[in-house]
Amino acid sequence: MTDAVTSLWPFLVYVVAVLLLVATMLGLSFVLGQRRANRATNMPFESGVLSVGSPQIHIAVEFYLVAIFFVIFDLETVFIFAWAVAFFELGWEGFIAVLVFIAILAVALVYELSTGALDWGVKTRAGAPRPESRQPQEEQH
Amino acid sequence: MSELGTVTFGLLLIAAAVGGAAVLTWFERRLLGIWQDRYGPDRLGPLGIGQVVADMLKLLTKDDWVPPFSDRFVFVFAPTAIVVAMLLGFAVVPFAPQLYVLDINIGLLFFLGMTSLAVYSVLLGGLASNNKYALLGGLRSAAQMVSYEVFMGLSLMGVVMLTGSFSLRAIVEAQRDLWYCVPQVLGLFTFLIAGIAESHRLPFDLPEAEHELTAGFHTEYGGMKFAMFMLGEYLGLILISCMITTLFFGGWLGPWLPPLLWFCLKTFALICFFVLLRGAIPRPRYDQLMTLGWKYMLPLTLLNLVLTGALALLLEGQRHV
Amino acid sequence: MLHAQVTGTSEAVDDLFARFGAAALARQATADDTPTLWVAPEQLLEVLAHLKPRFPMLLDLFGIDERHRQHKPTAAGDFTVVYHLLNLAHPDEIRVKVAVADGGSGVPSAAGIWPNANWYERETWDMFGIEFSGHPNLRRILLPPTWEGHPLRKEHPARATEMPPFSLDDDKQAMEQEALRFVPEQWGMARATDDAQFMFLNLGPNHPSVHGVFRIALQLDGEVIVDAVPDIGYHHRGAEKMAERQSWHSFIPYTDRIDYLAGVMNNHAYVLAVEKLAGIEVPERARVIRIMLAELFRICSHLVFYGTFAQDVGQMSPVFYMFADRERLFGIIEAITGGRMHPAWFRIGGVAQDLPRGWQRLVREFIDFLPARLDHYQAMAMDNSILKQRTVGIGSYSVAEALEWGITGPALRAAGMDFDLRRDRPYGGYEQFEFEVPVGHRGDAYDRAAVRVEEIRQSLRIVRQCLDNMPEGPYKSEHHLTTPPPKERTLQDIETLIHHFLHVSWGPVIPAGEASFPIEATKGINNYHLVSDGGTTSYRTRIRTPSFPALQQIPLISRGLMIADLIAIIASIDFVMADVDR
């Protein structure tokens with residue numbers, strides 16, 4: 001493992017170089033950039049008219065739900081990572097154990113889908129034509 | 001390679017990646033132009049390549065403006081994060097048997113970590129701007145991130161299983177007989193989709209979605225900070241292409257030509273594919289994108305794992321009998 | 001031509017007389033023979049409600065300032081409000097007029113009978129200051145809220161030179177900007193509910209997908225549209241006011257710029273109405289040339305629609321191919337007319353010139369070339385599954401809704417109404433052509449696009465028939481009001497020279513009267529209602545455009561959908577802001 005340790009410092013140089021590059025880009029544009037102060041310079045862009053209300057509002061709960069699902073699933077995938085790297089060593093036993101694990105994951109996913117927790121956006125009539133819109137006329141082309 | 005050599009290569013790599021991304025902005029416009037019966041930028045220098053320099057000079061001299069209504073620190077930090085994360089991601093890519101900056105046995109995990117960090121940059125940029133379009137873009141990017149992050153890593157586990165290592169060099173070496181694009185075709189497909197989604201390019205450019213959110217998360221960005229988002233996007237494009245080459249198309253492996261050239265050729269072909277994809281496909285609505293992720297892609301990756309596992313163990317068993 | 005086909009009109013009028021009595025109604029003769037009846041303001045709503053089952057569409061509603069008119073109808077007062085109604089199932093129309101006194105109590109609002117009366121009444125108030133009692137939200141629509149006066153009143157200045165010089169200092173700019181700020185309460189919107197706050201987002205006027213300067217103020221819950229308020233007027237040029245200062249002839253170039261994608265199609269609507277007033281019969285060759293050019297422009301306009309439609313759902317490439325095709329088409333139009341987007345090439349009584357030598361080859365090459373391209377685009381765009389996902393079932397309306405909201409043209413046919421003025425009330429020579437009228441059935445964004453795509457093919461068919469059967473003969477009428485008159489004999493005797501000189505420098509004197517001429521323009525029914533007071537300029541020019549009512553309907557079809565859907569809906573409507581704002 002000494003090999004890995006000795007090969008680390010070129011990477012540190014690399015990191016420093018990357019940070020330097022980014023700092024240089026920002027610094028250069030700070031020095032070279034023009035300065036303007038017009039009437040609307042310091043206003044947020046909203047299609048060229050004045051904004052009404054603040055953009056900092058309470059957001060619909062769906063976003064929160066999906067974030068939680070993400071946390072759950074992403075954590076669970078970590079176990080699969082650990083299995084994958086030792087796949088051949090663990091053999092059939094490991095495979096069956098993970099199969100059960102994946103089955104549980106799949107059940108959880110199916111449950112979430114069936115509760116509609118992942119049906120995003122419009123629950124009323126997205127995609128479907130409203131009932132009164134259907135016309136008896138047959139399609140002509 | 002000596003340590004000094006590695007350091008030199010690292011510096012060259014940064015220059016090549018950033019330069020490549022800059023040239024890619026021009027190349028993409030030209031390629032799309034040819035594809036769409038038009039010229040693209042062809043005025044400046046031979047084939048219009050001078051456009052790259054002109055754009056760079058223009059962006060450098062643009063107003064270095066931080067909106068007074070924004071969260072100022074995060075606003076400046078966000079675009080730098082994507083460039084740093086993407087460039088660090090390049091450190092683990094093995095361009096040739098002895099050509100890399102960092103060879104760690106968890107190279108793949110490092111790459112996944114860096115791309116995840118890059119996504120935060122878009123989210124933070126959108127939220128810090130304090131602008132309604134940016135906010136909507138930020139929310140979209142959050143939703144997109146949580147939906148595609150989950151299976152992006154999983155889609156690569158088939159490759160890891162077959163190799164038995166997270167080391168990218170080991171993965172390339174393991175493809176001497178057969179590139180993983182054959183046994184891992186499902187993995188390739190899902191990773192490709194996750195890759196486009198993570199690099200926010202059409203058809204998955206929903207956080208930006210020019211036609212809907214004007215400029216989405218970077219509505220309030222201008223000058224060099226805007227350029228860094230773009231730089232990050234193009235670096236991401238190159239990095240994803242490098243990774244697909246490494247993971248599925250045998251990295252540097254190939255007959256006759258030098259390994260580095262093979263690697264570059266494969267990566268270049270993938271870049272062209274991504275560019276043309278941008279010109280071909282419409283943008284789904286974001287609930288459709290999420291549905292695609294959760295209802296189709298995630299089960300598909302899980303299926304891929306099960307199939308890969310079963311088949312690999314069966315074949316392995318036969319070999320030992 | 002047009003009105004020879006009208007049936008049942010007298011029946012409708014007889015019915016009205018039977019119901020309301022001769023004392024309540026007064027007939028007015030018009031040059032276009034459309035039954036025109038005057039009613040008293042008190043009886044207006046009753047009459048309109050009675051007419052609605054027979055005439056389900058309020059085609060147009062507008063005002064006329066009668067105060068300076070010499071050849072005034074006997075029943076007219078200071079102002080007139082005109083209701084133009086249309087029956088599409090049995091092609092038929094009727095006009096109802098009501099007289100309004102200056103400074104009087106106005107007329108009752110018809111917004112309860114036809115929802116699209118809402119915007120028309122706002123426009124009439126904006127332009128004339130006529131009050132509509134009972135209107136839900138009578139405020140300015142085309143002019144900024146800070147405007148003083150009502151511009152279509154005869155005393156309002158028509159030119160900048162009649163007003164003090166315009167300047168926009170910082171204070172005024174701040175004031176105008178503040179006046180544009182959206183106030184949800186003015187539209188009866190809440191800022192929050194118990195569990196969520198709404199975001200109010202100005203989509204436009206400066207936005208890549210609103211096709212010009214158009215604002216939709218959105219009330220959003222997350223990305224879901226709770227309500228929307230379309231705001232128009234940013235592209236208003238006062239075309240109707242300009243018409244009162246231009247000669248009949250010199251107004252033609254202004255019409256090109258109404259629906260700026262449709263070029264001579266606008267000329268067609270205008271000159272047909274003028275010819276109706278003047279009683280000009282147009283020679284056969286001129287009629288076929290006009291139809292050919294109009295259909296070429298229909299293709300032009302639909303190609304732009306097609307490309308931008310695909311682009312707005314995020315497909316990048318089609319628009320470039322379609323603009324390249326349109327460029328070829330412009331090449332032909334340039335060869336024939338000398339102009340491209342705005343040729344202003346139709347004339348009162350004919351067209352500006354005969355077709356150039358070799359036009360057949362150009363047109364034939366194009367109509368042979370385009371169908372294969374259309375097949376290609378079909379596979380690329382219309383058959384694309386993501387595009388279908390984005391547009392099928394999005395922004396749908398029924399035929400009944402479309403009629404109530406004054407939706408015409410391809411957007412109406414997409415809902416399943418099989419109606420096309422070119423076929424059902426042929427004008428200008430369309431009765432001689434064979435073509436099909438494509439009809440959709442869902443009335444959604446996808447069908448609106450599909451109908452237009454098929455219309456391109458049908459227009460190609462019409463152009464091919466023009467090409468194969470172009471009649472010989474003059475391209476201009478011999479009628480004395482034809483402008484400019486035929487020039488051949490002007491150098492032979494002084495009378496024809498003076499005649500030519502007067503027509504070109506002052507313009508023709510069109511006999512007093514009223515006429516309108518609805519045509520099937522690229523986006524729906526375009527109708528010029530012209531009032532002549534026996535002079536060289538129009539007394540009142542009313543331009544009814546198809547885009548105007550389409551935008552009014554946006555909130556109805558976008559509530560509950562997402563921003564991305566709204567973009568798809570906007571893309572599928574095919575409007576031009578110049579056509580909306582005039």
# chains A, B, ... in the order shown; residues from 1 in each chain; ligands from 1

call {"tool": "interface_residues", "arguments": {"of": "chain C", "to": "chain A", "cutoff": "6 Å", "atoms": "only C-alpha atoms", "output": "PyMOL selection string"}}
result
chain C and resi 181+197+204-207+222+393-394+397-398+439+441

call {"tool": "closest_atom_pairs", "arguments": {"of": "chain B", "to": "chain A", "cutoff": "7 Å", "atoms": "only C-alpha atoms", "output": "tab-separated table"}}
result
residue	atom	partner	partner_atom	distance
B:Glu3	CA	A:Pro10	CA	6.4
B:Thr6	CA	A:Pro10	CA	6.2
B:Val7	CA	A:Pro10	CA	5.0
B:Gly10	CA	A:Tyr14	CA	5.7
B:Leu11	CA	A:Tyr14	CA	6.7
B:Leu60	CA	A:Ser29	CA	4.8
B:Thr61	CA	A:Gly33	CA	4.1
B:Lys62	CA	A:Gly33	CA	4.8
B:Asp63	CA	A:Gln34	CA	4.7
B:Asp64	CA	A:Gly33	CA	5.5
B:Pro67	CA	A:Asn42	CA	6.2
B:Pro68	CA	A:Asn42	CA	6.6
B:Thr80	CA	A:Val22	CA	6.5
B:Val84	CA	A:Val18	CA	6.4
B:Leu87	CA	A:Val18	CA	7.0
B:Leu88	CA	A:Val15	CA	6.9
B:Val101	CA	A:Phe11	CA	6.0
B:Leu102	CA	A:Phe11	CA	6.0
B:Asn130	CA	A:Pro55	CA	6.1
B:Asn131	CA	A:Pro44	CA	5.9
B:Lys132	CA	A:Pro55	CA	5.1
B:Ala143	CA	A:Phe63	CA	6.9
B:Val146	CA	A:Phe70	CA	5.4
B:Ser147	CA	A:Phe70	CA	7.0
B:Val150	CA	A:Asp74	CA	5.3
B:Leu154	CA	A:Thr77	CA	6.8
B:Met157	CA	A:Ala84	CA	6.0
B:Val160	CA	A:Val85	CA	5.7
B:Met161	CA	A:Ala84	CA	4.6
B:Gly164	CA	A:Val85	CA	4.7
B:Ser165	CA	A:Val85	CA	5.3
B:Phe166	CA	A:Val85	CA	6.9
B:Glu220	CA	A:Phe45	CA	6.9
B:Met224	CA	A:Ser29	CA	6.1
B:Asp287	CA	A:Trp120	CA	5.1
B:Val306	CA	A:Leu99	CA	6.9
B:Gly309	CA	A:Phe95	CA	6.7
B:Leu313	CA	A:Gly91	CA	6.8

call {"tool": "write_last_selection", "arguments": {"atoms": "N, CA and C atoms", "output": "CSV table (one decimal), in the first residue's frame"}}
result
chain,number,residue,atom,x,y,z
B,3,GLU,N,6.8,10.2,-10.4
B,3,GLU,CA,5.9,11.2,-9.8
B,3,GLU,C,5.9,12.5,-10.5
B,6,THR,N,3.8,12.2,-13.4
B,6,THR,CA,2.4,12.3,-13.1
B,6,THR,C,1.9,13.7,-12.9
B,7,VAL,N,2.8,14.4,-12.2
B,7,VAL,CA,2.4,15.8,-11.9
B,7,VAL,C,2.3,16.6,-13.3
B,10,GLY,N,-0.7,15.6,-15.0
B,10,GLY,CA,-1.9,16.2,-14.4
B,10,GLY,C,-2.1,17.6,-14.9
B,11,LEU,N,-1.1,18.4,-14.9
B,11,LEU,CA,-1.2,19.7,-15.4
B,11,LEU,C,-1.6,19.8,-16.9
B,60,LEU,N,-14.6,37.0,-20.5
B,60,LEU,CA,-13.7,37.5,-19.4
B,60,LEU,C,-14.0,39.0,-19.2
B,61,THR,N,-14.4,39.7,-20.2
B,61,THR,CA,-14.6,41.1,-20.0
B,61,THR,C,-16.0,41.5,-19.7
B,62,LYS,N,-16.8,40.5,-19.5
B,62,LYS,CA,-18.2,40.8,-19.1
B,62,LYS,C,-18.3,41.3,-17.6
B,63,ASP,N,-19.4,42.0,-17.3
B,63,ASP,CA,-19.6,42.4,-16.0
B,63,ASP,C,-19.6,41.3,-15.0
B,64,ASP,N,-18.7,41.4,-14.0
B,64,ASP,CA,-18.6,40.4,-13.0
B,64,ASP,C,-19.6,40.8,-11.9
B,67,PRO,N,-25.8,39.4,-8.0
B,67,PRO,CA,-27.0,40.1,-7.7
B,67,PRO,C,-27.1,40.5,-6.3
B,68,PRO,N,-27.5,41.7,-6.0
B,68,PRO,CA,-27.6,42.1,-4.6
B,68,PRO,C,-28.7,41.4,-3.8
B,80,THR,N,-18.3,27.5,-9.4
B,80,THR,CA,-17.0,27.0,-9.2
B,80,THR,C,-17.0,25.5,-8.8
B,84,VAL,N,-14.7,22.4,-10.5
B,84,VAL,CA,-13.8,21.7,-9.6
B,84,VAL,C,-14.1,20.2,-9.6
B,87,LEU,N,-13.4,18.5,-12.9
B,87,LEU,CA,-11.9,18.3,-13.2
B,87,LEU,C,-11.3,17.3,-12.3
B,88,LEU,N,-11.8,17.2,-11.0
B,88,LEU,CA,-11.3,16.2,-10.1
B,88,LEU,C,-11.7,14.8,-10.6
B,101,VAL,N,-3.7,10.3,-13.3
B,101,VAL,CA,-3.2,11.1,-12.2
B,101,VAL,C,-3.3,10.4,-10.9
B,102,LEU,N,-4.4,9.7,-10.7
B,102,LEU,CA,-4.6,9.0,-9.4
B,102,LEU,C,-5.2,7.6,-9.7
B,130,ASN,N,-32.3,33.7,-6.1
B,130,ASN,CA,-33.5,34.4,-5.6
B,130,ASN,C,-34.3,35.0,-6.8
B,131,ASN,N,-34.4,34.2,-7.8
B,131,ASN,CA,-35.2,34.6,-9.0
B,131,ASN,C,-36.1,33.5,-9.3
B,132,LYS,N,-37.3,33.8,-9.8
B,132,LYS,CA,-38.4,32.8,-9.9
B,132,LYS,C,-38.0,31.7,-10.9
B,143,ALA,N,-35.2,17.6,-8.3
B,143,ALA,CA,-36.0,16.4,-8.6
B,143,ALA,C,-35.3,15.5,-9.6
B,146,VAL,N,-32.4,13.6,-7.7
B,146,VAL,CA,-32.7,12.5,-6.8
B,146,VAL,C,-33.3,11.3,-7.6
B,147,SER,N,-33.8,11.6,-8.8
B,147,SER,CA,-34.4,10.5,-9.5
B,147,SER,C,-33.3,9.7,-10.3
B,150,VAL,N,-30.1,7.8,-8.0
B,150,VAL,CA,-30.3,6.5,-7.4
B,150,VAL,C,-29.8,5.3,-8.3
B,154,LEU,N,-26.1,2.3,-9.5
B,154,LEU,CA,-26.5,0.9,-9.6
B,154,LEU,C,-26.3,0.4,-11.0
B,157,MET,N,-23.0,-1.3,-11.4
B,157,MET,CA,-22.6,-2.4,-10.5
B,157,MET,C,-22.4,-3.7,-11.3
B,160,VAL,N,-18.9,-3.8,-12.1
B,160,VAL,CA,-18.1,-4.0,-10.9
B,160,VAL,C,-18.2,-5.5,-10.6
B,161,MET,N,-19.4,-6.1,-10.7
B,161,MET,CA,-19.5,-7.5,-10.4
B,161,MET,C,-18.6,-8.4,-11.3
B,164,GLY,N,-15.0,-7.4,-10.3
B,164,GLY,CA,-14.7,-7.7,-8.9
B,164,GLY,C,-13.8,-6.5,-8.3
B,165,SER,N,-13.9,-5.3,-8.9
B,165,SER,CA,-13.1,-4.2,-8.4
B,165,SER,C,-13.8,-2.9,-8.8
B,166,PHE,N,-13.5,-1.9,-8.0
B,166,PHE,CA,-13.9,-0.5,-8.3
B,166,PHE,C,-12.8,0.2,-9.1
B,220,GLU,N,-29.8,34.3,-13.7
B,220,GLU,CA,-29.2,35.6,-13.2
B,220,GLU,C,-27.7,35.5,-13.4
B,224,MET,N,-18.2,35.4,-16.4
B,224,MET,CA,-17.3,34.2,-16.2
B,224,MET,C,-18.1,33.2,-15.4
B,287,ASP,N,-42.3,15.7,-15.0
B,287,ASP,CA,-42.9,14.5,-14.3
B,287,ASP,C,-42.7,13.2,-15.1
B,306,VAL,N,-29.7,-8.6,-11.2
B,306,VAL,CA,-30.1,-10.0,-11.0
B,306,VAL,C,-29.6,-10.9,-12.2
B,309,GLY,N,-25.9,-11.3,-12.2
B,309,GLY,CA,-25.4,-12.2,-11.2
B,309,GLY,C,-25.7,-13.6,-11.5
B,313,LEU,N,-22.7,-16.3,-12.4
B,313,LEU,CA,-22.5,-17.4,-11.5
B,313,LEU,C,-22.7,-18.8,-12.2

call {"tool": "interface_residues", "arguments": {"of": "chain C", "to": "chain B", "cutoff": "8 Å", "atoms": "only C-alpha atoms", "output": "list of chain:residue names"}}
result
C:Leu201, C:His207, C:Pro208, C:Ser209, C:Glu223, C:Ala310, C:Gln311, C:Asp312, C:Val313, C:Gly314, C:Gln315, C:Met316, C:Ser317, C:Pro318, C:Phe320, C:Tyr321, C:Ala324, C:Ile386, C:Leu387, C:Gln389, C:Arg390, C:Ile563, C:Ala564, C:Asp565, C:Ile567

call {"tool": "atom_distance", "arguments": {"atom1": "atom CA of Pro56 of chain C", "atom2": "atom CA of Leu403 of chain C"}}
result
6.3 Å

call {"tool": "select_by_dssp", "arguments": {"residues": "segment 141-202 of chain C", "states": "helix (DSSP H, G or I)", "output": "PyMOL selection string"}}
result
chain C and resi 160-162+170-180+184-187

call {"tool": "select_by_dssp", "arguments": {"residues": "segment 431-577 of chain C", "states": "strand (DSSP E or B)", "output": "JSON, numbers by chain"}}
result
{"C": [476, 483, 513, 514, 515, 516, 517, 518, 519, 520, 521, 524, 525, 526, 527, 528, 529, 530, 531, 532, 537, 538, 539, 540, 541, 542, 543, 544, 562]}

call {"tool": "closest_residue", "arguments": {"among": "B:Glu198, B:Glu149, B:Glu173, B:Glu208", "to": "Gly137 of chain B", "atoms": "only C-alpha atoms"}}
result
B:Glu208

call {"tool": "residues_around", "arguments": {"residues": "segment 83-94 of chain C", "least_positions_apart": "5", "cutoff": "6 Å", "atoms": "only C-alpha atoms", "output": "NGL selection string"}}
result
:C and (6 or 34-35 or 55 or 57-61)

call {"tool": "write_last_selection", "arguments": {"atoms": "C-alpha atoms", "output": "PDB file, in the first residue's frame"}}
result
ATOM      1  CA  VAL C   6     -76.136  32.058 -47.981  1.00  0.00           C
ATOM      2  CA  THR C  34     -75.266  40.334 -44.716  1.00  0.00           C
ATOM      3  CA  PRO C  35     -78.481  40.970 -42.758  1.00  0.00           C
ATOM      4  CA  PHE C  55     -75.425  31.527 -34.498  1.00  0.00           C
ATOM      5  CA  MET C  57     -70.107  31.954 -32.704  1.00  0.00           C
ATOM      6  CA  LEU C  58     -69.518  35.597 -31.900  1.00  0.00           C
ATOM      7  CA  LEU C  59     -67.158  36.236 -34.776  1.00  0.00           C
ATOM      8  CA  ASP C  60     -66.485  39.838 -33.921  1.00  0.00           C
ATOM      9  CA  LEU C  61     -67.566  42.672 -31.684  1.00  0.00           C
TER      10      LEU C  61
END

call {"tool": "residues_around", "arguments": {"residues": "segment 76-79 of chain B", "least_positions_apart": "5", "cutoff": "12 Å", "atoms": "only C-alpha atoms", "output": "VMD selection string"}}
result
(chain A and resid 22 to 23 25 to 27 30) or (chain B and resid 64 to 67 70 to 71 84 to 86 117 to 129 138 217 to 218 220 to 233)

call {"tool": "closest_residue", "arguments": {"among": "C:Arg461, C:Met265, C:Asp170, C:Val47", "to": "Asp368 of chain C", "atoms": "only C-alpha atoms"}}
result
C:Arg461

call {"tool": "closest_residue", "arguments": {"among": "B:Pro255, B:Gly113, B:Gly250, B:Gly89", "to": "Ala174 of chain B", "atoms": "only C-alpha atoms"}}
result
B:Gly250

call {"tool": "residues_around", "arguments": {"residues": "segment 512-520 of chain C", "least_positions_apart": "3", "cutoff": "8 Å", "atoms": "only C-alpha atoms", "output": "PDB file with N, CA and C atoms, in the first residue's frame"}}
result
ATOM      1  N   THR C  30     -76.466  46.685 -46.574  1.00  0.00           N
ATOM      2  CA  THR C  30     -75.007  46.760 -46.658  1.00  0.00           C
ATOM      3  C   THR C  30     -74.565  46.226 -48.007  1.00  0.00           C
ATOM      4  N   ALA C  31     -73.359  46.600 -48.387  1.00  0.00           N
ATOM      5  CA  ALA C  31     -72.857  46.191 -49.695  1.00  0.00           C
ATOM      6  C   ALA C  31     -72.631  44.689 -49.765  1.00  0.00           C
ATOM      7  N   ASP C  32     -72.480  44.050 -48.620  1.00  0.00           N
ATOM      8  CA  ASP C  32     -72.211  42.615 -48.656  1.00  0.00           C
ATOM      9  C   ASP C  32     -73.468  41.771 -48.443  1.00  0.00           C
ATOM     10  N   HIS C  71     -72.705  59.712 -44.408  1.00  0.00           N
ATOM     11  CA  HIS C  71     -73.715  58.752 -44.873  1.00  0.00           C
ATOM     12  C   HIS C  71     -74.052  57.804 -43.734  1.00  0.00           C
ATOM     13  N   ALA C 269     -57.793  39.219 -47.864  1.00  0.00           N
ATOM     14  CA  ALA C 269     -58.965  39.555 -47.053  1.00  0.00           C
ATOM     15  C   ALA C 269     -59.360  41.010 -47.280  1.00  0.00           C
ATOM     16  N   TYR C 270     -58.374  41.877 -47.336  1.00  0.00           N
ATOM     17  CA  TYR C 270     -58.663  43.308 -47.450  1.00  0.00           C
ATOM     18  C   TYR C 270     -59.225  43.662 -48.817  1.00  0.00           C
ATOM     19  N   LEU C 272     -60.633  41.837 -51.051  1.00  0.00           N
ATOM     20  CA  LEU C 272     -61.943  41.244 -51.304  1.00  0.00           C
ATOM     21  C   LEU C 272     -63.048  42.106 -50.690  1.00  0.00           C
ATOM     22  N   ALA C 273     -62.785  42.630 -49.486  1.00  0.00           N
ATOM     23  CA  ALA C 273     -63.783  43.494 -48.850  1.00  0.00           C
ATOM     24  C   ALA C 273     -63.940  44.800 -49.616  1.00  0.00           C
ATOM     25  N   VAL C 274     -62.809  45.377 -50.056  1.00  0.00           N
ATOM     26  CA  VAL C 274     -62.898  46.633 -50.818  1.00  0.00           C
ATOM     27  C   VAL C 274     -63.647  46.393 -52.126  1.00  0.00           C
ATOM     28  N   LYS C 276     -65.841  44.191 -52.696  1.00  0.00           N
ATOM     29  CA  LYS C 276     -67.260  44.022 -52.376  1.00  0.00           C
ATOM     30  C   LYS C 276     -67.930  45.385 -52.276  1.00  0.00           C
ATOM     31  N   LEU C 277     -67.268  46.324 -51.600  1.00  0.00           N
ATOM     32  CA  LEU C 277     -67.813  47.684 -51.458  1.00  0.00           C
ATOM     33  C   LEU C 277     -67.929  48.356 -52.821  1.00  0.00           C
ATOM     34  N   GLY C 409     -60.602  28.281 -37.887  1.00  0.00           N
ATOM     35  CA  GLY C 409     -59.480  27.755 -38.665  1.00  0.00           C
ATOM     36  C   GLY C 409     -59.022  26.385 -38.189  1.00  0.00           C
ATOM     37  N   ASP C 420     -64.555  24.743 -43.291  1.00  0.00           N
ATOM     38  CA  ASP C 420     -63.513  25.531 -43.920  1.00  0.00           C
ATOM     39  C   ASP C 420     -64.199  26.487 -44.884  1.00  0.00           C
ATOM     40  N   LEU C 421     -63.985  27.771 -44.684  1.00  0.00           N
ATOM     41  CA  LEU C 421     -64.654  28.762 -45.534  1.00  0.00           C
ATOM     42  C   LEU C 421     -64.359  28.522 -47.004  1.00  0.00           C
ATOM     43  N   ARG C 422     -63.144  28.062 -47.294  1.00  0.00           N
ATOM     44  CA  ARG C 422     -62.770  27.866 -48.696  1.00  0.00           C
ATOM     45  C   ARG C 422     -63.676  26.842 -49.364  1.00  0.00           C
ATOM     46  N   TYR C 427     -64.914  31.512 -51.763  1.00  0.00           N
ATOM     47  CA  TYR C 427     -64.743  32.907 -52.148  1.00  0.00           C
ATOM     48  C   TYR C 427     -63.565  32.999 -53.096  1.00  0.00           C
ATOM     49  N   LYS C 523     -54.480  31.164 -40.024  1.00  0.00           N
ATOM     50  CA  LYS C 523     -54.689  30.824 -38.619  1.00  0.00           C
ATOM     51  C   LYS C 523     -56.160  30.767 -38.241  1.00  0.00           C
ATOM     52  N   GLY C 524     -57.034  31.020 -39.196  1.00  0.00           N
ATOM     53  CA  GLY C 524     -58.454  31.033 -38.911  1.00  0.00           C
ATOM     54  C   GLY C 524     -59.132  32.117 -39.721  1.00  0.00           C
ATOM     55  N   ILE C 525     -60.290  32.566 -39.241  1.00  0.00           N
ATOM     56  CA  ILE C 525     -61.051  33.532 -40.041  1.00  0.00           C
ATOM     57  C   ILE C 525     -60.493  34.933 -39.848  1.00  0.00           C
ATOM     58  N   ASN C 526     -60.136  35.534 -40.960  1.00  0.00           N
ATOM     59  CA  ASN C 526     -59.680  36.917 -40.978  1.00  0.00           C
ATOM     60  C   ASN C 526     -60.760  37.707 -41.690  1.00  0.00           C
ATOM     61  N   ASN C 527     -61.175  38.827 -41.092  1.00  0.00           N
ATOM     62  CA  ASN C 527     -62.306  39.553 -41.643  1.00  0.00           C
ATOM     63  C   ASN C 527     -62.065  41.047 -41.535  1.00  0.00           C
ATOM     64  N   TYR C 528     -62.143  41.724 -42.671  1.00  0.00           N
ATOM     65  CA  TYR C 528     -62.044  43.182 -42.661  1.00  0.00           C
ATOM     66  C   TYR C 528     -63.456  43.744 -42.782  1.00  0.00           C
ATOM     67  N   HIS C 529     -63.880  44.467 -41.779  1.00  0.00           N
ATOM     68  CA  HIS C 529     -65.167  45.162 -41.895  1.00  0.00           C
ATOM     69  C   HIS C 529     -64.845  46.608 -42.277  1.00  0.00           C
ATOM     70  N   LEU C 530     -65.277  46.994 -43.476  1.00  0.00           N
ATOM     71  CA  LEU C 530     -64.922  48.323 -43.976  1.00  0.00           C
ATOM     72  C   LEU C 530     -66.157  49.211 -44.013  1.00  0.00           C
ATOM     73  N   VAL C 531     -65.992  50.432 -43.568  1.00  0.00           N
ATOM     74  CA  VAL C 531     -67.052  51.427 -43.667  1.00  0.00           C
ATOM     75  C   VAL C 531     -66.515  52.550 -44.545  1.00  0.00           C
ATOM     76  N   SER C 532     -67.192  52.767 -45.671  1.00  0.00           N
ATOM     77  CA  SER C 532     -66.793  53.877 -46.530  1.00  0.00           C
ATOM     78  C   SER C 532     -67.809  54.999 -46.387  1.00  0.00           C
ATOM     79  N   ASP C 533     -67.270  56.199 -46.315  1.00  0.00           N
ATOM     80  CA  ASP C 533     -68.171  57.348 -46.255  1.00  0.00           C
ATOM     81  C   ASP C 533     -68.146  58.076 -47.595  1.00  0.00           C
ATOM     82  N   GLY C 534     -67.792  57.353 -48.640  1.00  0.00           N
ATOM     83  CA  GLY C 534     -67.736  57.931 -49.970  1.00  0.00           C
ATOM     84  C   GLY C 534     -66.499  58.784 -50.169  1.00  0.00           C
ATOM     85  N   GLY C 535     -65.372  58.366 -49.602  1.00  0.00           N
ATOM     86  CA  GLY C 535     -64.162  59.165 -49.742  1.00  0.00           C
ATOM     87  C   GLY C 535     -62.987  58.327 -50.223  1.00  0.00           C
TER      88      GLY C 535
END

call {"tool": "decode", "arguments": {"residues": "segment 77-86 of chain A", "atoms": "C-alpha atoms", "output": "mmCIF file, in the first residue's frame"}}
result
data_model
loop_
_atom_site.group_PDB
_atom_site.id
_atom_site.type_symbol
_atom_site.label_atom_id
_atom_site.label_comp_id
_atom_site.auth_asym_id
_atom_site.auth_seq_id
_atom_site.Cartn_x
_atom_site.Cartn_y
_atom_site.Cartn_z
ATOM 1 C CA THR A 77 -27.948 0.841 -2.930
ATOM 2 C CA VAL A 78 -24.781 1.181 -0.843
ATOM 3 C CA PHE A 79 -25.297 -2.396 0.338
ATOM 4 C CA ILE A 80 -25.498 -3.547 -3.254
ATOM 5 C CA PHE A 81 -22.216 -1.737 -3.955
ATOM 6 C CA ALA A 82 -20.549 -3.743 -1.217
ATOM 7 C CA TRP A 83 -21.896 -6.997 -2.573
ATOM 8 C CA ALA A 84 -21.022 -6.217 -6.173
ATOM 9 C CA VAL A 85 -17.341 -5.742 -5.513
ATOM 10 C CA ALA A 86 -17.093 -9.133 -3.754
#
